[in-house]
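Read the structure below first, then the notes.
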Amino acid sequence: MERVTERDSKYNDLEQMSVAELLHNINNEDKSVALTIEKALPELEKLVAITAEKMKAGGRLFYIGAGTSGRLGIVDASEIPPTYGVPFDWVIGIIAGGDGAIRKAVEFAEDDTEQAWKDLQKYQINDKDVLVGLAASGTTPYVIGGLQAANKHHVTTGCIVCNAGSPVAAAAQYPVEVVTGPEFVTGSTRMKAGTAQKMALNMLSTSVMILLGRVQGNKMVDMQLSNNKLIDRGTKMVMQATGLNEPIAAGLLEKYGSVRKAIDHHFQTS
């Protein structure tokens, strides 16, 4: 397969560009990402639908990846519990090379075709779960091996890749191909490809959480109240939903510990 993510940049002599030229040209490339995502929406819709179905039945969502892709999966997974008030093990991100690879690259970790399945065994992954492989290139052995092993064990599989016709996509039951093309710096897939994967992950996990009932109207009614900013936001949400003044809304929020529970209590007793 041809990896368009590895094609030469459309730009040359980058070191001779002014700061303004660098930023303008990078921004021009970034503008294309959302349009590329739009072309993949039908594929993404299928992955969202099956993930929500499996999670409604008690399954979990796993991400596996290496390098930037692995880090993006971990970011998405780590943000779901505080945002939507769900258990920390509903969405799990795993990176080739282990947690140490989040901060420092682990040499050749992505080349092991058997390690991903070993890593997944620590979580007792099973046929109720969904495994999404993340690989800009679509050729990462760690991800390919993990998806292939998951298929053999009847785990639902998907992927988000940035090249067409890749081995990762071939190994996934629900492939999402977001073909972002050459990078501004040749081969630097932390740029457009990384942005595309982040956007796709946002859409996947957010849509799934909405389908699981973790949003009311447009509000994060189950968010964890872990700092003053979020308590203030939660208080305003209770005020807006109930018409109560700020002191009473804040008191309800403090008493019941969640926006949803505070609102529900108000309407049950009013």
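Chain labels follow the order of the structure tokens: the first chain is A, the next B, and so on; residue numbering restarts at 1 in every chain, and ligands are counted from 1 in their shown order.
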Please produce, as CSV, a per-residue contact table for region 29-113 of chain A versus region 154-176 of chain A (criterion: any atom at most 8 Å away, only C-alpha atoms considered), showing the nearest atom pair and its distance in Å to one decimal, sorted by chain then residue number.
```
residue,atom,partner,partner_atom,distance
A:Ala40,CA,A:Val176,CA,6.4
A:Glu43,CA,A:Val176,CA,5.3
A:Leu44,CA,A:Val176,CA,5.9
A:Lys46,CA,A:Tyr174,CA,6.9
A:Leu47,CA,A:Tyr174,CA,5.7
```
How would the residues just picked look written out with C-alpha atoms as a PDB file, in the first residue's frame?
```pdb
ATOM      1  CA  ALA A  40     -15.364   9.429   6.837  1.00  0.00           C
ATOM      2  CA  GLU A  43     -17.691   4.822   8.623  1.00  0.00           C
ATOM      3  CA  LEU A  44     -17.531   6.646  11.943  1.00  0.00           C
ATOM      4  CA  LYS A  46     -21.088   2.573  12.157  1.00  0.00           C
ATOM      5  CA  LEU A  47     -18.317   2.470  14.755  1.00  0.00           C
TER       6      LEU A  47
END
```
Per-residue nearest contacts region 95-167 of chain A to region 67-81 of chain A, cut-off 12 Å, using only C-alpha atoms, as a tab-separated table:
```
residue	atom	partner	partner_atom	distance
A:Ile95	CA	A:Gly70	CA	4.6
A:Ala96	CA	A:Gly70	CA	7.1
A:Gly97	CA	A:Gly67	CA	9.1
A:Gly98	CA	A:Gly70	CA	9.9
A:Asp99	CA	A:Ile74	CA	9.4
A:Gly100	CA	A:Arg71	CA	10.8
A:Ala101	CA	A:Gly67	CA	7.5
A:Ile102	CA	A:Arg71	CA	5.9
A:Arg103	CA	A:Arg71	CA	8.8
A:Lys104	CA	A:Gly67	CA	9.1
A:Ala105	CA	A:Gly67	CA	6.9
A:Val106	CA	A:Gly67	CA	8.7
A:Glu107	CA	A:Gly67	CA	10.2
A:Phe108	CA	A:Gly67	CA	10.7
A:Ala109	CA	A:Gly67	CA	9.3
A:Glu110	CA	A:Gly67	CA	8.1
A:Asp111	CA	A:Gly67	CA	11.6
A:Ala116	CA	A:Gly70	CA	11.5
A:Leu131	CA	A:Gly73	CA	11.3
A:Val132	CA	A:Gly73	CA	9.1
A:Gly133	CA	A:Ser69	CA	8.9
A:Leu134	CA	A:Ser69	CA	5.5
A:Ala135	CA	A:Ser69	CA	5.7
A:Ala136	CA	A:Ser69	CA	6.8
A:Ser137	CA	A:Ser69	CA	9.7
A:Gly138	CA	A:Ser69	CA	10.6
A:Thr140	CA	A:Gly67	CA	10.1
A:Tyr142	CA	A:Gly70	CA	10.6
A:Val143	CA	A:Gly70	CA	9.7
A:Cys159	CA	A:Ser69	CA	11.0
A:Ile160	CA	A:Ser69	CA	9.3
A:Val161	CA	A:Ser69	CA	9.3
A:Cys162	CA	A:Ser69	CA	10.7
```
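Taking only C-alpha atoms into account, Ser226 (chain A) lies nearest to A:Ser258 out of the set A:Ser258, A:Asn25, A:Ser9, A:Asn202.
Going from CA of Gly251 (chain A) to CA of Val86 (chain A) covers 23.3 Å.
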Practice problem: Find the residues around Gly217 (chain A) up to 12 Å (only C-alpha atoms counted), leave out those fewer than 5 positions away in its own chain, and share them as a ChimeraX atom specification. | Solution: /A:210,237,240-241,260
Just-selected residues, N, CA and C atoms written as a short mmCIF file (atom, residue, chain, number, x, y, z; two decimals), in the first residue's frame:
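Result saved to part34.cif:
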```cif
data_model
loop_
_atom_site.label_atom_id
_atom_site.label_comp_id
_atom_site.auth_asym_id
_atom_site.auth_seq_id
_atom_site.Cartn_x
_atom_site.Cartn_y
_atom_site.Cartn_z
N ILE A 210 -23.37 10.36 24.82
CA ILE A 210 -24.72 10.91 24.65
C ILE A 210 -25.73 9.78 24.47
N MET A 237 -25.83 25.27 36.02
CA MET A 237 -26.66 24.29 35.33
C MET A 237 -27.92 23.98 36.14
N GLN A 240 -30.23 27.01 35.91
CA GLN A 240 -30.89 27.10 34.60
C GLN A 240 -32.02 26.08 34.46
N ALA A 241 -31.78 24.87 34.98
CA ALA A 241 -32.77 23.80 34.83
C ALA A 241 -33.97 23.98 35.75
N ARG A 260 -27.19 16.13 38.03
CA ARG A 260 -28.38 15.32 37.73
C ARG A 260 -29.21 15.06 38.99
#
```
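Note that CA of Thr180 (chain A) and CA of Thr195 (chain A) are 9.5 Å apart.
Proximity to Ser207 (chain A) at 12 Å, evaluated using only C-alpha atoms and with sequence-adjacent residues fewer than 3 positions away removed, yields Leu44, Glu45, Lys46, Leu47, Val48, Ala49, Ile50, Thr51, Ala52, Glu53, Ile80, Tyr84, Ala200, Leu201, Asn202, Met203, Leu204, Ile210, Leu211, Leu212, Gly213, Arg214, Val215 and Asn218 of chain A.
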Selection above as a file: C-alpha atoms, as an mmCIF file, in the first residue's frame:
```cif
data_model
loop_
_atom_site.group_PDB
_atom_site.id
_atom_site.type_symbol
_atom_site.label_atom_id
_atom_site.label_comp_id
_atom_site.auth_asym_id
_atom_site.auth_seq_id
_atom_site.Cartn_x
_atom_site.Cartn_y
_atom_site.Cartn_z
ATOM 1 C CA LEU A 44 -17.531 6.646 11.943
ATOM 2 C CA GLU A 45 -21.304 6.364 12.344
ATOM 3 C CA LYS A 46 -21.088 2.573 12.157
ATOM 4 C CA LEU A 47 -18.317 2.470 14.755
ATOM 5 C CA VAL A 48 -20.234 4.775 17.113
ATOM 6 C CA ALA A 49 -23.419 2.710 16.762
ATOM 7 C CA ILE A 50 -21.805 -0.648 17.500
ATOM 8 C CA THR A 51 -19.759 0.809 20.388
ATOM 9 C CA ALA A 52 -22.845 2.295 22.029
ATOM 10 C CA GLU A 53 -24.726 -0.978 21.540
ATOM 11 C CA ILE A 80 -14.311 10.464 29.869
ATOM 12 C CA TYR A 84 -19.413 12.172 32.100
ATOM 13 C CA ALA A 200 -12.478 11.416 15.336
ATOM 14 C CA LEU A 201 -11.927 10.267 18.926
ATOM 15 C CA ASN A 202 -13.832 13.294 20.236
ATOM 16 C CA MET A 203 -16.735 12.427 17.949
ATOM 17 C CA LEU A 204 -16.665 8.731 18.827
ATOM 18 C CA ILE A 210 -24.719 10.908 24.650
ATOM 19 C CA LEU A 211 -26.263 7.657 23.425
ATOM 20 C CA LEU A 212 -25.614 6.172 26.874
ATOM 21 C CA GLY A 213 -27.651 8.960 28.457
ATOM 22 C CA ARG A 214 -24.773 10.865 30.047
ATOM 23 C CA VAL A 215 -25.951 14.237 28.650
ATOM 24 C CA ASN A 218 -26.598 19.882 26.007
#
```
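You can rank A:Lys198, A:Phe184, A:Gly145, A:Thr242 by their closest distance to Leu23 (chain A) using only C-alpha atoms, and at the top of that list sits A:Phe184.
Here the question is which of A:Val238, A:Ile231, A:Ile144, A:Val130 gets nearest to Lys56 (chain A) using only C-alpha atoms, and that residue is A:Val130.
With only C-alpha atoms as the atoms that count, the residue of A:Gln115, A:Thr83, A:Gln16, A:Ser270 with the shortest distance to Met209 (chain A) is A:Thr83.
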Self-check item: All alpha helix (DSSP H) residues (DSSP, backbone) inside region 9-56 of chain A, as a VMD selection string
Solution: chain A and resid 19 to 39 41 to 56
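CA of Thr5 (chain A) sits 24.2 Å away from CA of Val19 (chain A).
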Among region 12-189 of chain A, which ones does DSSP place in strand (DSSP E), written as an mmCIF file with C-alpha atoms, in the first residue's frame?
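Once everything was written out, this is out_22.cif:
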```
data_model
loop_
_atom_site.group_PDB
_atom_site.id
_atom_site.type_symbol
_atom_site.label_atom_id
_atom_site.label_comp_id
_atom_site.auth_asym_id
_atom_site.auth_seq_id
_atom_site.Cartn_x
_atom_site.Cartn_y
_atom_site.Cartn_z
ATOM 1 C CA LEU A 61 -14.204 0.595 24.935
ATOM 2 C CA PHE A 62 -10.473 -0.008 24.504
ATOM 3 C CA TYR A 63 -7.958 2.003 22.464
ATOM 4 C CA ILE A 64 -4.559 0.665 21.435
ATOM 5 C CA GLY A 65 -1.856 2.588 19.603
ATOM 6 C CA VAL A 91 -12.917 3.524 28.385
ATOM 7 C CA ILE A 92 -9.309 2.330 28.542
ATOM 8 C CA GLY A 93 -6.335 3.583 26.548
ATOM 9 C CA ILE A 94 -3.234 1.425 26.082
ATOM 10 C CA ILE A 95 0.034 2.545 24.469
ATOM 11 C CA VAL A 130 -14.930 -3.013 21.629
ATOM 12 C CA LEU A 131 -11.289 -2.551 20.630
ATOM 13 C CA VAL A 132 -10.305 0.425 18.457
ATOM 14 C CA GLY A 133 -6.833 0.455 16.928
ATOM 15 C CA LEU A 134 -5.245 3.864 16.368
ATOM 16 C CA ALA A 135 -2.500 4.172 13.769
ATOM 17 C CA THR A 156 -15.643 -6.265 18.166
ATOM 18 C CA THR A 157 -12.881 -4.293 16.446
ATOM 19 C CA GLY A 158 -12.581 -0.880 14.822
ATOM 20 C CA CYS A 159 -9.798 1.489 13.872
ATOM 21 C CA ILE A 160 -8.955 5.081 13.001
ATOM 22 C CA VAL A 161 -6.207 5.362 10.385
ATOM 23 C CA TYR A 174 -15.374 -1.254 11.599
ATOM 24 C CA PRO A 175 -12.541 0.683 9.931
ATOM 25 C CA VAL A 176 -12.496 4.477 9.801
ATOM 26 C CA GLU A 177 -10.097 5.878 7.213
#
```
